[in-house]
Amino acid sequence: MIQLHNVSLAYQKDATALNAIDLRIEKGEFVFLTGPSGAGKTTLLRLLYGALTPTSGQVLIDGQNVSRMPASQIPHLRRMVGVVFQDFKLLSNRTVFENVAITLEVLGWGRVDIGKKVMHTLRQMGMESKINLTTERLSGGEQQRVALARALVNDPKILLADEPTGNLDDANKNQILNIFKEANIRGTTVVVATHDRRLIEHAHKRLVILNKGEIVEQVEEETTQANQAQ
Amino acid sequence: MNRWKKKQPKPIKPNKRPKLAGEGFGGRLGYFASRALTNIRQNVFVNVVTIGTITLALLIVALFLLIFVNLESAADTWSERVQVTAYFDHELAQQEQTALRGKISAIPGTAKVTYVSRDEALKRFKSRLRGQETLLEGVRSEVLPTSIEIALKKSYRDSGMIEAYVASLKRISGISEVQYGEEWVQRFNTFLNFMRLVGALLGGFLVIAVLFIVSNTIKLTIYARRDELEVMSLVGATRFFIKAPFLIEGIIQGGSGALLAMGLLYGLYEGFLHNAGSLLTFNPTTAGLAFLPSEYVGGIILAGILLGFIGSITSLKRFITV
């Protein structure tokens with residue numbers, strides 16, 4: 001599903017953000033990217049939805065080489081990748097409903113079907129009572145769930161999330177983690193960048209640890225489960 | 001083994017989605033138009049500012065144009081006084097008149113040929129000296145010359161063209177003395193050229209200022225909504241999908257601005273016609289002041305629409321990175 005082969009990226013000549021990354025994430029996998037601030041987690045995610053092009057190496061998503069993808073193909077890539085941003089990127093002057101519907105409008109869905117699908121997704125997130133509120137009137141946790149609904153409403157093949165539990169309390173964190181797990185059970189490949197140790201420990205999923213732009217360690221799912229059992 | 005070369009990647013196909021109403025070009029256009037109207041509703045203040053700016057900018061240009069068009073039409077009326085007169089020392093026989101008329105009419109630029117007999121000349125002379133007719137007592141028509149007055153077509157009324165015309169006129173046998181008030185024509189032409197030059201300079205500056213103000217206003221309104229552009233792009237919207245509602249919005253803003261400007265200009269024009277008489281030495285209702293011709297009005301509305309469209313398209317280029 002996701003393959004990175006010898007990927008390096010430098011924002012400037014001397015500042016290397018990623019260095020010779022080799023990573024393979026299978027279809028339906030759930031992976032945490034972790035590491036200290038500045039390790040390259042966000043940069044790696046941005047490569048996966050075509051917001052950045054690597055300085056060298058290949059990035060393949062579902063068999064497509066993103067590094068060589070023409071600009072006109074990027075929107076098609078993004079339609080199969082749902083992204084939850086650290087700062088949510090919600091439109092503050094639009095309602096919860098409109099913020100989620102935007103993903104389906106882009107795909108050309110009709111109004112009635114958009115209504116049904118958005119309501120269904122918001123119900124899953126427990127946000128159905130707030131559909132007509134503008135997002136600036138929501139709490140951090142609620143905004144996070146709207147951002148998740150927007151990323152998941154079109155059943156993407158891949159879900160990317162950047163620090164999704166940044167400012168949330170434990171109850172909200174668990175709720176968000178459960179939504180990720182449910183999406184993963186439905187077949188979505190999930191990649192979450194976080195340095196929230198508690199979230200990682202609770203999830204028992206594969207772990208990729210980055211530091212200074214390099215993968216320093218990978219912990220497989222079985223190992224994390226075993227560690228948890230001890 | 002190199003795994004990358006082995007697989008021939010299939011091109012990405014858009015996700016499967018239900019077959020829905022609103023498909024095809026018409027449906028998409030409907031969606032974009034409704035999106036544009038919703039955007040206007042959601043950003044009322046920004047839109048009011050943009051439309052207001054376009055209205056004021058176009059009103060200034062249109063007002064300038066109105067003044068210019070009226071000055072040109074006044075100049076056109078004055079230029080009708082430019083005429084060429086050929087004098088003869090004898091009365092022309094009917095046959096001679098017809099022959100000369102034919103030859104003169106054949107010269108390019110001739111609009112109207114009028115024969116002025118000695119009697120007619122005396123009548124005109126008397127009418128000019130109305131109230132002092134006694135001065136002409138004992139004067140008989142024989143002392144006055146006969147003449148042919150030639151009115152020229154509009155494009156032949158400047159000094160260069162008149163000189164060429166007179167030269168051709170003099171080549172006709174029987175015509176020797178020709179007058180056309182060289183000095184007046186030259187002064188009039190100098191005035192006209194000066195007026196046009198000032199008009200072109202002022203108009204040019206105005207248009208540049210308007211383009212600058214309107215394009216920057218649109219740029220600011222789009223800048224204020226750059227988050228929306230970013231989010232659309234991140235959820236997989238194509239450039240066209242992102243741009244289309246903004247372009248329709250630009251057209252609506254430009255068109256409404258231009259219509260409002262025309263409405264305001266008409267109000268100002270009517271107000272001036274009916275109220276300015278008391279402030280001015282002439283009565284504007286009888287002075288022949290006209291509103292802009294319909295093709296100018298259409299042109300300004302079209303210019304407004306284009307301004308909105310081009311302003312949006314160039315501003316969007318700056319903010320859509322994908």
# chains A, B, ... in the order shown; residues from 1 in each chain; ligands from 1
>>> residues_around(residues="segment 203-216 of chain A", least_positions_apart="3", cutoff="10 Å", atoms="only C-alpha atoms", output="ChimeraX atom specification")
/A:7-10,16-23,25,29-41,43-44,174,177-178,180-181,191-193,195,198-200,219-228
>>> write_last_selection(atoms="N, CA and C atoms", output="compact mmCIF listing (two decimals), in the first residue's frame")
# COMPACT_ATOMS: atom_id res chain seq x y z
N VAL A 7 14.19 7.19 0.64
CA VAL A 7 13.67 8.56 0.49
C VAL A 7 14.44 9.55 1.36
N SER A 8 14.90 10.61 0.71
CA SER A 8 15.54 11.71 1.45
C SER A 8 14.86 13.01 1.07
N LEU A 9 14.83 13.91 2.01
CA LEU A 9 14.23 15.21 1.71
C LEU A 9 14.96 16.29 2.48
N ALA A 10 15.36 17.33 1.77
CA ALA A 10 16.03 18.46 2.41
C ALA A 10 15.26 19.72 2.06
N THR A 16 18.57 18.60 6.39
CA THR A 16 17.94 17.37 5.92
C THR A 16 16.80 16.99 6.86
N ALA A 17 15.59 16.89 6.31
CA ALA A 17 14.43 16.54 7.14
C ALA A 17 14.26 15.02 7.21
N LEU A 18 14.53 14.35 6.11
CA LEU A 18 14.46 12.88 6.09
C LEU A 18 15.71 12.37 5.37
N ASN A 19 16.23 11.24 5.88
CA ASN A 19 17.46 10.73 5.29
C ASN A 19 17.34 9.22 5.02
N ALA A 20 17.39 8.85 3.76
CA ALA A 20 17.41 7.44 3.33
C ALA A 20 16.36 6.58 4.05
N ILE A 21 15.11 6.98 3.97
CA ILE A 21 14.04 6.24 4.65
C ILE A 21 13.58 5.07 3.78
N ASP A 22 13.58 3.87 4.35
CA ASP A 22 13.00 2.69 3.69
C ASP A 22 11.86 2.22 4.58
N LEU A 23 10.65 2.20 4.05
CA LEU A 23 9.49 1.83 4.88
C LEU A 23 8.46 1.18 3.99
N ILE A 25 4.47 -0.25 4.32
CA ILE A 25 3.26 -0.42 5.15
C ILE A 25 2.24 -1.17 4.30
N GLU A 29 -2.85 -2.16 7.44
CA GLU A 29 -2.01 -2.07 8.63
C GLU A 29 -2.33 -0.83 9.45
N PHE A 30 -1.95 -0.84 10.71
CA PHE A 30 -2.11 0.32 11.60
C PHE A 30 -0.72 0.63 12.14
N VAL A 31 -0.18 1.78 11.80
CA VAL A 31 1.21 2.08 12.17
C VAL A 31 1.28 3.42 12.90
N PHE A 32 2.07 3.42 13.96
CA PHE A 32 2.36 4.70 14.64
C PHE A 32 3.75 5.17 14.22
N LEU A 33 3.86 6.45 13.86
CA LEU A 33 5.18 7.06 13.65
C LEU A 33 5.45 7.88 14.89
N THR A 34 6.59 7.65 15.50
CA THR A 34 6.85 8.43 16.70
C THR A 34 8.30 8.91 16.72
N GLY A 35 8.59 9.74 17.65
CA GLY A 35 9.93 10.32 17.74
C GLY A 35 9.82 11.72 18.28
N PRO A 36 10.96 12.30 18.67
CA PRO A 36 10.91 13.66 19.24
C PRO A 36 10.50 14.70 18.21
N SER A 37 10.21 15.89 18.68
CA SER A 37 9.86 16.98 17.75
C SER A 37 11.01 17.21 16.78
N GLY A 38 10.68 17.41 15.53
CA GLY A 38 11.72 17.64 14.51
C GLY A 38 12.31 16.35 13.97
N ALA A 39 11.74 15.20 14.35
CA ALA A 39 12.29 13.91 13.89
C ALA A 39 11.95 13.65 12.42
N GLY A 40 10.91 14.32 11.92
CA GLY A 40 10.54 14.13 10.51
C GLY A 40 9.18 13.45 10.33
N LYS A 41 8.39 13.34 11.40
CA LYS A 41 7.09 12.64 11.33
C LYS A 41 6.14 13.37 10.37
N THR A 43 6.83 15.62 8.12
CA THR A 43 7.40 15.63 6.75
C THR A 43 7.07 14.32 6.04
N LEU A 44 7.23 13.21 6.77
CA LEU A 44 6.96 11.91 6.15
C LEU A 44 5.48 11.80 5.75
N ASN A 174 -9.16 8.32 24.04
CA ASN A 174 -9.65 6.94 23.84
C ASN A 174 -10.68 6.89 22.73
N LEU A 177 -8.92 7.17 19.45
CA LEU A 177 -8.21 5.91 19.15
C LEU A 177 -9.20 4.85 18.67
N ASN A 178 -10.37 4.79 19.32
CA ASN A 178 -11.38 3.81 18.90
C ASN A 178 -11.86 4.07 17.47
N PHE A 180 -10.10 5.40 15.09
CA PHE A 180 -9.01 4.92 14.22
C PHE A 180 -9.10 3.40 14.06
N LYS A 181 -9.32 2.73 15.18
CA LYS A 181 -9.35 1.26 15.15
C LYS A 181 -10.52 0.77 14.30
N VAL A 191 -2.09 5.49 9.42
CA VAL A 191 -0.74 5.91 9.84
C VAL A 191 -0.91 7.13 10.75
N VAL A 192 -0.48 6.98 12.01
CA VAL A 192 -0.65 8.07 12.97
C VAL A 192 0.72 8.55 13.44
N ALA A 193 0.97 9.85 13.25
CA ALA A 193 2.22 10.42 13.78
C ALA A 193 1.92 11.02 15.14
N HIS A 195 3.70 11.73 19.44
CA HIS A 195 4.69 11.37 20.46
C HIS A 195 3.98 11.15 21.79
N ARG A 198 1.26 7.31 25.74
CA ARG A 198 0.10 6.62 26.31
C ARG A 198 -0.79 6.05 25.20
N LEU A 199 -0.96 6.87 24.15
CA LEU A 199 -1.78 6.45 23.01
C LEU A 199 -1.17 5.21 22.36
N ILE A 200 0.16 5.23 22.19
CA ILE A 200 0.86 4.12 21.53
C ILE A 200 0.74 2.85 22.38
N VAL A 219 9.13 -1.45 15.83
CA VAL A 219 8.61 -2.46 16.75
C VAL A 219 7.35 -3.05 16.14
N GLU A 220 7.34 -4.37 15.94
CA GLU A 220 6.18 -5.01 15.29
C GLU A 220 5.01 -5.13 16.27
N GLU A 221 3.83 -5.33 15.72
CA GLU A 221 2.60 -5.36 16.50
C GLU A 221 2.64 -6.41 17.62
N GLU A 222 3.16 -7.61 17.28
CA GLU A 222 3.20 -8.71 18.25
C GLU A 222 4.06 -8.32 19.45
N THR A 223 5.18 -7.65 19.14
CA THR A 223 6.10 -7.26 20.20
C THR A 223 5.44 -6.25 21.13
N THR A 224 4.72 -5.28 20.55
CA THR A 224 4.10 -4.28 21.42
C THR A 224 3.05 -4.92 22.30
N GLN A 225 2.35 -5.93 21.70
CA GLN A 225 1.33 -6.63 22.49
C GLN A 225 1.97 -7.42 23.62
N ALA A 226 3.09 -8.07 23.29
CA ALA A 226 3.79 -8.87 24.28
C ALA A 226 4.30 -7.99 25.41
N ASN A 227 4.87 -6.83 25.02
CA ASN A 227 5.37 -5.89 26.03
C ASN A 227 4.24 -5.45 26.96
N GLN A 228 3.08 -5.24 26.35
CA GLN A 228 1.93 -4.80 27.13
C GLN A 228 1.50 -5.88 28.10
>>> residues_around(residues="Gly28 of chain A", least_positions_apart="3", cutoff="10 Å", atoms="only C-alpha atoms", output="compact mmCIF listing (two decimals) with N, CA and C atoms, in the first residue's frame")
# COMPACT_ATOMS: atom_id res chain seq x y z
N MET A 1 0.83 -1.22 0.00
CA MET A 1 0.00 0.00 0.00
C MET A 1 0.86 1.26 0.00
N ILE A 25 4.47 -0.25 4.32
CA ILE A 25 3.26 -0.42 5.15
C ILE A 25 2.24 -1.17 4.30
N VAL A 31 -0.18 1.78 11.80
CA VAL A 31 1.21 2.08 12.17
C VAL A 31 1.28 3.42 12.90
N LYS A 157 -8.77 4.83 1.39
CA LYS A 157 -7.95 3.62 1.51
C LYS A 157 -6.90 3.81 2.61
N ILE A 158 -6.48 5.07 2.76
CA ILE A 158 -5.43 5.37 3.75
C ILE A 158 -5.89 6.53 4.63
N ALA A 183 -11.98 2.33 11.83
CA ALA A 183 -11.67 2.57 10.42
C ALA A 183 -10.72 1.50 9.91
N ASN A 184 -9.76 1.14 10.76
CA ASN A 184 -8.78 0.12 10.41
C ASN A 184 -9.46 -1.25 10.21
N ILE A 185 -10.43 -1.55 11.07
CA ILE A 185 -11.16 -2.82 10.95
C ILE A 185 -11.92 -2.85 9.61
N ARG A 186 -12.42 -1.67 9.20
CA ARG A 186 -13.16 -1.61 7.91
C ARG A 186 -12.22 -1.70 6.71
N GLY A 187 -10.92 -1.76 6.95
CA GLY A 187 -9.98 -1.98 5.84
C GLY A 187 -9.08 -0.82 5.52
N THR A 188 -9.24 0.29 6.23
CA THR A 188 -8.41 1.47 5.95
C THR A 188 -7.02 1.30 6.58
N THR A 189 -6.01 1.60 5.80
CA THR A 189 -4.64 1.59 6.33
C THR A 189 -4.47 2.88 7.14
N VAL A 190 -4.02 2.74 8.40
CA VAL A 190 -3.94 3.93 9.26
C VAL A 190 -2.49 4.23 9.63
>>> interface_residues(of="chain A", to="chain B", cutoff="6 Å", atoms="only C-alpha atoms", output="PyMOL selection string")
chain A and resi 63-64+75-76+78-79+103+106+110
>>> residues_around(residues="Val59 of chain A", least_positions_apart="4", cutoff="9 Å", atoms="only C-alpha atoms", output="list in words")
Ile2, Gln3, Leu4, His5, Asn6, Val7, Leu47, Leu48, Thr53, Pro54, Gln64, Asn65, Val66, Ser67 and Arg68 of chain A
>>> write_last_selection(atoms="C-alpha atoms", output="PDB file, in the first residue's frame")
ATOM      1  CA  ILE A   2       2.687   2.488   1.071  1.00  0.00           C
ATOM      2  CA  GLN A   3       6.310   2.035   0.094  1.00  0.00           C
ATOM      3  CA  LEU A   4       9.182   4.424   0.691  1.00  0.00           C
ATOM      4  CA  HIS A   5      12.426   3.479  -0.941  1.00  0.00           C
ATOM      5  CA  ASN A   6      15.592   5.325   0.045  1.00  0.00           C
ATOM      6  CA  VAL A   7      13.665   8.561   0.486  1.00  0.00           C
ATOM      7  CA  LEU A  47       5.141  13.047   1.404  1.00  0.00           C
ATOM      8  CA  LEU A  48       2.299  10.519   1.537  1.00  0.00           C
ATOM      9  CA  THR A  53       8.210  15.730  -3.229  1.00  0.00           C
ATOM     10  CA  PRO A  54      11.300  13.892  -2.007  1.00  0.00           C
ATOM     11  CA  GLN A  64       1.601   4.898  -7.949  1.00  0.00           C
ATOM     12  CA  ASN A  65       4.901   6.749  -7.815  1.00  0.00           C
ATOM     13  CA  VAL A  66       3.983   9.943  -5.982  1.00  0.00           C
ATOM     14  CA  SER A  67       7.464  11.429  -6.485  1.00  0.00           C
ATOM     15  CA  ARG A  68       6.899  11.537 -10.236  1.00  0.00           C
TER      16      ARG A  68
END
>>> residues_around(residues="segment 113-115 of chain B", least_positions_apart="2", cutoff="6 Å", atoms="only C-alpha atoms", output="list in words")
Ile148, Glu149 and Ile150 of chain B
>>> write_last_selection(atoms="C-alpha atoms", output="PDB file, in the first residue's frame")
ATOM      1  CA  ILE B 148     -20.414  77.261 -54.068  1.00  0.00           C
ATOM      2  CA  GLU B 149     -20.350  76.174 -50.406  1.00  0.00           C
ATOM      3  CA  ILE B 150     -19.052  72.724 -49.741  1.00  0.00           C
TER       4      ILE B 150
END
>>> atom_distance(atom1="atom CA of Phe97 of chain A", atom2="atom CA of Ile131 of chain A")
4.9 Å
>>> closest_residue(among="B:Ser147, B:Gln95, B:Ser159, B:Thr53", to="Ser176 of chain B", atoms="only C-alpha atoms")
B:Ser147
>>> residues_around(residues="Pro245 of chain B", least_positions_apart="4", cutoff="7 Å", atoms="only C-alpha atoms", output="PDB file with N, CA and C atoms, in the first residue's frame")
ATOM      1  N   PHE B  32     -21.500  24.793  -9.053  1.00  0.00           N
ATOM      2  CA  PHE B  32     -20.547  25.890  -8.872  1.00  0.00           C
ATOM      3  C   PHE B  32     -21.274  27.216  -8.619  1.00  0.00           C
ATOM      4  N   ALA B  33     -22.384  27.434  -9.361  1.00  0.00           N
ATOM      5  CA  ALA B  33     -23.134  28.684  -9.181  1.00  0.00           C
ATOM      6  C   ALA B  33     -23.720  28.743  -7.774  1.00  0.00           C
ATOM      7  N   ARG B  35     -22.626  27.164  -5.172  1.00  0.00           N
ATOM      8  CA  ARG B  35     -21.495  27.309  -4.236  1.00  0.00           C
ATOM      9  C   ARG B  35     -21.065  28.785  -4.175  1.00  0.00           C
ATOM     10  N   ALA B  36     -21.031  29.433  -5.358  1.00  0.00           N
ATOM     11  CA  ALA B  36     -20.620  30.844  -5.422  1.00  0.00           C
ATOM     12  C   ALA B  36     -21.599  31.712  -4.635  1.00  0.00           C
ATOM     13  N   GLU B 249     -18.052  33.911  -8.692  1.00  0.00           N
ATOM     14  CA  GLU B 249     -18.190  34.980  -7.702  1.00  0.00           C
ATOM     15  C   GLU B 249     -17.600  36.287  -8.251  1.00  0.00           C
TER      16      GLU B 249
END
>>> atom_distance(atom1="atom CA of Gln179 of chain B", atom2="atom CA of Lys123 of chain B")
20.4 Å
>>> select_by_dssp(residues="chain A", states="strand (DSSP E)", output="count of residues only")
58
>>> closest_residue(among="A:Lys27, A:Asp169, A:Gly82, A:Tyr49", to="Asp62 of chain A", atoms="only C-alpha atoms")
A:Lys27
>>> atom_distance(atom1="atom CA of Ala111 of chain B", atom2="atom CA of Glu96 of chain B")
19.8 Å
>>> residues_around(residues="segment 203-217 of chain B", least_positions_apart="4", cutoff="7 Å", atoms="only C-alpha atoms", output="mmCIF file with C-alpha atoms, in the first residue's frame")
data_model
loop_
_atom_site.group_PDB
_atom_site.id
_atom_site.type_symbol
_atom_site.label_atom_id
_atom_site.label_comp_id
_atom_site.auth_asym_id
_atom_site.auth_seq_id
_atom_site.Cartn_x
_atom_site.Cartn_y
_atom_site.Cartn_z
ATOM 1 C CA THR B 50 -15.454 44.306 -3.300
ATOM 2 C CA THR B 53 -14.906 49.218 -4.777
ATOM 3 C CA ILE B 54 -15.736 48.019 -8.287
ATOM 4 C CA ALA B 57 -13.976 52.636 -9.653
ATOM 5 C CA VAL B 61 -14.357 55.899 -15.342
ATOM 6 C CA GLY B 199 -8.649 62.779 -22.398
ATOM 7 C CA THR B 221 -10.741 38.921 -0.579
ATOM 8 C CA GLY B 311 -9.009 39.752 -11.203
#
>>> residues_around(residues="Leu63 of chain B", least_positions_apart="6", cutoff="12 Å", atoms="only C-alpha atoms", output="list of chain:residue names")
B:Thr55, B:Leu56, B:Ala57, B:Val69, B:Asn70, B:Gly203, B:Leu206, B:Ala261, B:Met262, B:Gly263, B:Leu264, B:Leu265, B:Tyr266, B:Gly267, B:Leu268, B:Tyr269, B:Phe291, B:Leu292, B:Tyr296, B:Val297, B:Ile300
>>> select_by_dssp(residues="segment 7-162 of chain A", states="helix (DSSP H, G or I)", output="VMD selection string")
chain A and resid 41 to 48 66 to 68 71 to 79 96 to 107 111 to 124 128 to 130 135 to 137 140 to 152
>>> closest_residue(among="B:Ile248, B:Val82, B:Ala200, B:Leu144", to="Ile310 of chain B", atoms="only C-alpha atoms")
B:Ile248
